[in-house]
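First comes the structure, then the notes that go with it.
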Amino acid sequence: MQILRITQKLWRGFLVICMGCLLLLPLQAQTDTEVHDYEILVELDPKEEVQDLLRRINGFTRQSAALHLQKTIHRPFNIHLLRFDPEVHQRDELLATMRADRAVIAAQDNDPVTYRSRFPDDPFFLDQWYLGTIDATQAWGITTGGVNARGDTIVVAVLDKGCDITHEDLQGNLWVNKAEIANDGEDNDGNGYVDDFHGLYVKDSTDNHPNRSHGCAVNALIGAKGSNSTGVTGVLWDVKMMLISGATTPAEIVEGYMYAYEQRKAYNESNGERGAYVVVSNFSAGIDRRFCDEYPVWGGMFDKLGSVGILNIGATTNSDVNVDIVGDMPTTCPSDFLLTVTSTNRSDDKAERAGFGERSIDLGAPGEGMFSAKPNNDYGDIMDGTSWATPLVAGAVALLYTTDCNALTELSFIDPPAAALAMKQLIVDGAESIPTLEGRSVSGGRLSLFESMKVLDERFANPKGELSIFEIVPNLVREQVIVRYKVPEAIEYDIRIFDAVGRLIGTEEVPRICAAGQTTMDVSDLPNGMYFVSIGREKAIDTKRFVKY
């Protein structure tokens with residue numbers, strides 16, 4: 001989702017006249033003590049003197065220094081920076097007084113701006129070189145994860161040894177079974193498992209996930225919380241990862257896959273009332289030099305999962321062998337709903353110790369020299385391997401689902417298998433060619449998340465329609481509004497927010513992946529009142545109003 005960051009704060013209380021109504025907004029106490037909080041930028045009529053304005057305002061308080069000139073910004077245009085004493089003046093009242101003065105053309109706060117960046121503030125982000133290689137930073141200009149175009153929460157099923165569920169950088173991004181009451185000893189949702197709150201530990205059918213470094217690193221590569229000033233970031237900053245732990249035999253693997261299958265099946269059948277919107281699974285394990293026909297039950301899982309809309313990502317062997325010839329399980333399985341991955345290195349070549357196969361291996365992704373989360377709130381380098389390439393691809397699939405593309409979202413419910421197959425093709429067709437994978441993989445290349453987004457744009461752009469904002473949905477708890485809109489074509493449009501008297505508060509150019517979608521605007525800095533949101537390009541524009549309570 002795109003977050004519209006407000007570039008100017010309004011005064012915290014003011015009189016607004018709009019459509020014949022007088023709206024009095026409540027005054028709020030000034031609590032921010034940063035240096036610019038007590039500054040006001042004012043533009044005066046060219047014929048007026050700033051000292052006359054200061055005398056008039058200070059005369060009301062009988063304190064000559066309560067408001068003073070800090071700096072003249074531009075004398076010909078009569079623009080000045082003023083500073084006030086917060087013990088004497090409240091910002092909102094002072095701004096209202098200034099704006100009512102005959103000499104004042106405009107008066108505003110002097111709030112610092114925020115420089116826009118697609119880069120998260122996680123302290124170890126610069127160690128995650130591979131995110132730049134797969135063009136994640138470009139993709140984050142479109143979406144950083146969360147939900148699809150209709151608001152369904154994206155879930156990734158992660159089959160692994162276990163995970164540190166208390167890790168600081170996974171908090172908020174682990175899936176929770178909302179139909180289950182944790183630790184009450186009962187099967188609340190009737191799915192055959194007691195207290196499966198975060199998923200399933202297949203060894204004993206509990207929710208007691210062991211703390212294992214392999215699974216911790218895999219989950220963090222997919223979805224470590226992004227831009228939380230902590231640790232690392234995953235391919236998705238926001239996601240829900242369903243933990244399916246302890247699968248070390250085919251029987252346990254099948255049980256784990258079936259757990260994800262039933263959750264997605266329930267979601268489809270209930271239109272989101274039950275289950276989980278699992279769109280992709282990740283399994284970074286296998287059996288060397290064995291073929292899929294030796295494991296028909298395990299291999300048969302992928303078509304079953306695909307039938308409910310789950311695409312499955314599998315890691316190939318960590319040996320430099322042609323798996324088409326020598327075999328590998330599961331990457332030699334012929335299911336269309338399996339996407340197979342080998343490892344690449346910092347030089348953007350196939351890793352020295354990684355399998356290949358023109359028929360069996362779909363593409364590569366970085367897996368050498370990786371940096372990720374470790375148990376017990378630790379971080380650092382992790383061993384090389386295809387285990388780390390695979391979750392980058394799983395994360396890419398999940399992130400593509402969070403683009404504001406109604407056509408893709410609708411397909412995932414009307415025809416879930418078709419959506420899973422389409423997603424696989426987007427990943428393969430978006431791969432960036434590298435010589436060491438040409439003729440040694442289906443795509444001949446390495447994962448490029450942004451290129452796959454561009455392919456998505458080409459294939460799933462919704463039918464052209466009239467420019468319109470058709471719905472604005474306030475979220476009172478998070479102080480956000482969701483703006484849903486349609487545009488004539490999949491190009492960039494400006495989304496702007498105005499106050500009730502037409503002053504521009506914020507604007508953002510939103511790159512479009514589909515010709516319809518939604519954006520979430522943060523309005524926490526705005527006082528209660530009426531506002532207008534517009535979307536447009538050149539002369540075409542549509543506007544809707546909303547009220548913040």
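Identifiers in this document derive from the order of the structure tokens: chains are assigned A, B, ..., residues are numbered from 1 separately in each chain, and ligands are numbered from 1 in order of occurrence.
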| said: Give me, as a PyMOL selection string, the residues of segment 66-190 of chain A that a backbone DSSP run labels strand (DSSP E or B). | reply: chain A and resi 67-74+79-84+104-109+145+147+153+155-160+174
| Shell of 7 Å around Gly364 of chain A, only C-alpha atoms, local chain residues under 6 positions omitted, as a ChimeraX atom specification | /A:341-344,445-447
| field | Residue contacts of segment 135-149 of chain A (6 Å, only C-alpha atoms) excluding same-chain residues fewer than 6 positions away, as a list in words | value | Met1, Arg118, Leu236, Trp237, Asp238, Val239, Leu399, Tyr401, Thr402, Asp404, Cys405, Asn406, Ser448, Leu449, Phe450 and Gly517 of chain A
If you keep N, CA, C and O atoms, can you produce a file of those selected residues as a compact mmCIF listing (two decimals), in the first residue's frame?
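Result went into part_7.txt, see below:
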```txt
# COMPACT_ATOMS: atom_id res chain seq x y z
N MET A 1 0.85 -1.18 0.00
CA MET A 1 0.00 0.00 0.00
C MET A 1 0.89 1.23 0.00
O MET A 1 1.90 1.27 0.63
N ARG A 118 12.68 4.90 -0.21
CA ARG A 118 12.16 3.54 -0.24
C ARG A 118 13.00 2.63 0.65
O ARG A 118 12.77 1.44 0.71
N LEU A 236 9.05 -8.59 2.37
CA LEU A 236 7.84 -7.85 2.75
C LEU A 236 8.07 -7.22 4.12
O LEU A 236 8.56 -7.87 5.04
N TRP A 237 7.69 -5.96 4.26
CA TRP A 237 7.79 -5.31 5.57
C TRP A 237 6.63 -5.74 6.46
O TRP A 237 6.75 -5.77 7.67
N ASP A 238 5.50 -6.03 5.81
CA ASP A 238 4.31 -6.47 6.54
C ASP A 238 3.75 -7.71 5.87
O ASP A 238 3.47 -7.69 4.67
N VAL A 239 3.55 -8.76 6.64
CA VAL A 239 3.04 -10.02 6.12
C VAL A 239 2.67 -10.86 7.33
O VAL A 239 2.99 -10.50 8.47
N LEU A 399 4.64 -10.52 -2.08
CA LEU A 399 4.62 -9.07 -2.29
C LEU A 399 3.83 -8.70 -3.53
O LEU A 399 3.10 -7.71 -3.55
N TYR A 401 1.24 -10.08 -4.64
CA TYR A 401 -0.18 -10.12 -4.30
C TYR A 401 -0.65 -8.85 -3.62
O TYR A 401 -1.85 -8.58 -3.58
N THR A 402 0.27 -8.07 -3.06
CA THR A 402 -0.14 -6.85 -2.34
C THR A 402 -0.16 -5.61 -3.21
O THR A 402 -0.43 -4.52 -2.71
N ASP A 404 -1.90 -3.07 -5.70
CA ASP A 404 -3.32 -2.68 -5.74
C ASP A 404 -3.94 -3.06 -7.08
O ASP A 404 -4.34 -2.21 -7.87
N CYS A 405 -4.01 -4.35 -7.31
CA CYS A 405 -4.49 -4.85 -8.60
C CYS A 405 -5.78 -5.64 -8.40
O CYS A 405 -5.77 -6.79 -7.96
N ASN A 406 -6.88 -5.03 -8.71
CA ASN A 406 -8.17 -5.68 -8.52
C ASN A 406 -8.31 -6.93 -9.39
O ASN A 406 -8.91 -7.92 -8.98
N SER A 448 13.99 -11.04 -10.23
CA SER A 448 13.95 -9.58 -10.23
C SER A 448 12.52 -9.17 -9.88
O SER A 448 11.61 -9.26 -10.70
N LEU A 449 12.35 -8.75 -8.66
CA LEU A 449 11.01 -8.46 -8.16
C LEU A 449 10.36 -7.31 -8.93
O LEU A 449 9.18 -7.38 -9.29
N PHE A 450 11.12 -6.28 -9.22
CA PHE A 450 10.53 -5.14 -9.91
C PHE A 450 10.18 -5.48 -11.36
O PHE A 450 9.16 -5.03 -11.88
N GLY A 517 -7.32 0.47 -7.79
CA GLY A 517 -6.65 0.05 -6.57
C GLY A 517 -7.03 0.91 -5.39
O GLY A 517 -8.09 1.53 -5.35
```
| task | Pick out each residue of segment 303-457 of chain A that DSSP on the backbone tags as alpha helix (DSSP H); I need them as a PyMOL selection string. | result | chain A and resi 303-307+323-326+386-401+406-414+416-429+449-457
| task | Show which residues sit within 9 Å of Ala540 of chain A, as a PyMOL selection string. Count only C-alpha atoms, and ignore same-chain residues fewer than 4 positions away. | result | chain A and resi 467+535-536
Those same residues, written as a short mmCIF file (atom, residue, chain, number, x, y, z; two decimals), in the first residue's frame with N, CA, C and O atoms?
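Done, and the output landed in part-v8.cif:
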```cif
data_model
loop_
_atom_site.label_atom_id
_atom_site.label_comp_id
_atom_site.auth_asym_id
_atom_site.auth_seq_id
_atom_site.Cartn_x
_atom_site.Cartn_y
_atom_site.Cartn_z
N LEU A 467 -12.12 8.01 -14.56
CA LEU A 467 -11.37 8.38 -13.36
C LEU A 467 -12.35 8.64 -12.22
O LEU A 467 -13.27 9.43 -12.35
N ILE A 535 -7.85 12.74 -6.94
CA ILE A 535 -6.92 11.98 -7.76
C ILE A 535 -7.00 12.55 -9.16
O ILE A 535 -8.08 12.89 -9.64
N GLY A 536 -5.86 12.69 -9.80
CA GLY A 536 -5.91 13.29 -11.13
C GLY A 536 -4.59 13.26 -11.85
O GLY A 536 -3.55 12.91 -11.31
#
```
At a cut-off of 7 Å, can you tabulate as a tab-separated table every residue of segment 315-434 of chain A near segment 278-299 of chain A together with its closest atom pair and the distance in Å to one decimal, using only C-alpha atoms and ordering rows by chain then number?
```
residue	atom	partner	partner_atom	distance
A:Ala315	CA	A:Ser284	CA	5.0
A:Thr317	CA	A:Asp288	CA	6.1
A:Val326	CA	A:Arg289	CA	5.4
A:Gly327	CA	A:Arg289	CA	4.3
A:Asp328	CA	A:Arg289	CA	4.7
A:Met329	CA	A:Ile287	CA	5.0
A:Pro330	CA	A:Gly286	CA	6.0
A:Thr332	CA	A:Cys292	CA	5.7
A:Cys333	CA	A:Cys292	CA	4.9
A:Ser387	CA	A:Ser284	CA	4.6
A:Thr390	CA	A:Ser284	CA	6.4
A:Pro391	CA	A:Asn282	CA	6.2
A:Ala394	CA	A:Asn282	CA	6.0
A:Val397	CA	A:Val280	CA	7.0
A:Ala398	CA	A:Val279	CA	6.7
```
Would you export the selected residues with C-alpha atoms as an mmCIF file, in the first residue's frame, please?
```
data_model
loop_
_atom_site.group_PDB
_atom_site.id
_atom_site.type_symbol
_atom_site.label_atom_id
_atom_site.label_comp_id
_atom_site.auth_asym_id
_atom_site.auth_seq_id
_atom_site.Cartn_x
_atom_site.Cartn_y
_atom_site.Cartn_z
ATOM 1 C CA ALA A 315 14.907 -25.236 -2.852
ATOM 2 C CA THR A 317 20.247 -29.282 -3.828
ATOM 3 C CA VAL A 326 20.784 -37.138 -11.168
ATOM 4 C CA GLY A 327 17.490 -36.230 -9.519
ATOM 5 C CA ASP A 328 16.400 -34.071 -6.613
ATOM 6 C CA MET A 329 13.361 -34.057 -4.406
ATOM 7 C CA PRO A 330 11.177 -32.008 -4.584
ATOM 8 C CA THR A 332 12.131 -32.629 -10.077
ATOM 9 C CA CYS A 333 8.384 -32.803 -9.370
ATOM 10 C CA SER A 387 17.737 -22.451 1.679
ATOM 11 C CA THR A 390 13.990 -19.876 -1.808
ATOM 12 C CA PRO A 391 12.404 -17.536 0.789
ATOM 13 C CA ALA A 394 8.395 -16.864 -1.714
ATOM 14 C CA VAL A 397 5.265 -13.932 -4.723
ATOM 15 C CA ALA A 398 3.598 -12.668 -1.576
#
```
Residues of segment 218-272 of chain A at most 6 Å from segment 121-128 of chain A: nearest atom pair and distance in Å, only C-alpha atoms, as JSON lines:
```
{"residue": "A:Ser227", "atom": "CA", "partner": "A:Asp121", "partner_atom": "CA", "distance": 4.7}
{"residue": "A:Ser229", "atom": "CA", "partner": "A:Asp122", "partner_atom": "CA", "distance": 4.5}
{"residue": "A:Thr230", "atom": "CA", "partner": "A:Asp122", "partner_atom": "CA", "distance": 5.0}
{"residue": "A:Gly231", "atom": "CA", "partner": "A:Asp122", "partner_atom": "CA", "distance": 5.4}
{"residue": "A:Val232", "atom": "CA", "partner": "A:Phe124", "partner_atom": "CA", "distance": 5.2}
```
Can I get the selected residues back with all heavy atoms, as a short mmCIF file (atom, residue, chain, number, x, y, z; two decimals), in the first residue's frame?
```cif
data_model
loop_
_atom_site.label_atom_id
_atom_site.label_comp_id
_atom_site.auth_asym_id
_atom_site.auth_seq_id
_atom_site.Cartn_x
_atom_site.Cartn_y
_atom_site.Cartn_z
N SER A 227 11.46 -1.38 8.40
CA SER A 227 11.46 0.02 8.83
C SER A 227 10.91 0.19 10.24
O SER A 227 10.15 1.10 10.52
CB SER A 227 10.65 0.88 7.84
OG SER A 227 11.14 2.20 7.81
N SER A 229 13.22 0.24 12.78
CA SER A 229 14.44 0.64 13.49
C SER A 229 15.06 -0.54 14.24
O SER A 229 15.77 -0.34 15.23
CB SER A 229 14.17 1.79 14.45
OG SER A 229 13.63 2.90 13.78
N THR A 230 14.81 -1.75 13.77
CA THR A 230 15.28 -2.95 14.46
C THR A 230 15.80 -3.97 13.47
O THR A 230 15.10 -4.32 12.51
CB THR A 230 14.12 -3.59 15.27
OG1 THR A 230 13.62 -2.65 16.21
CG2 THR A 230 14.60 -4.84 16.01
N GLY A 231 17.02 -4.42 13.66
CA GLY A 231 17.55 -5.56 12.93
C GLY A 231 17.57 -5.43 11.42
O GLY A 231 18.18 -4.53 10.86
N VAL A 232 16.89 -6.37 10.76
CA VAL A 232 16.90 -6.48 9.30
C VAL A 232 15.50 -6.24 8.77
O VAL A 232 14.56 -6.01 9.51
CB VAL A 232 17.41 -7.88 8.87
CG1 VAL A 232 18.86 -8.06 9.25
CG2 VAL A 232 16.55 -8.99 9.50
#
```
| query | What is the distance between atom CA of Phe546 of chain A and atom CA of Asp37 of chain A, in Å to one decimal? | reply |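 Rounded to one decimal, the two atoms are 27.6 Å apart.
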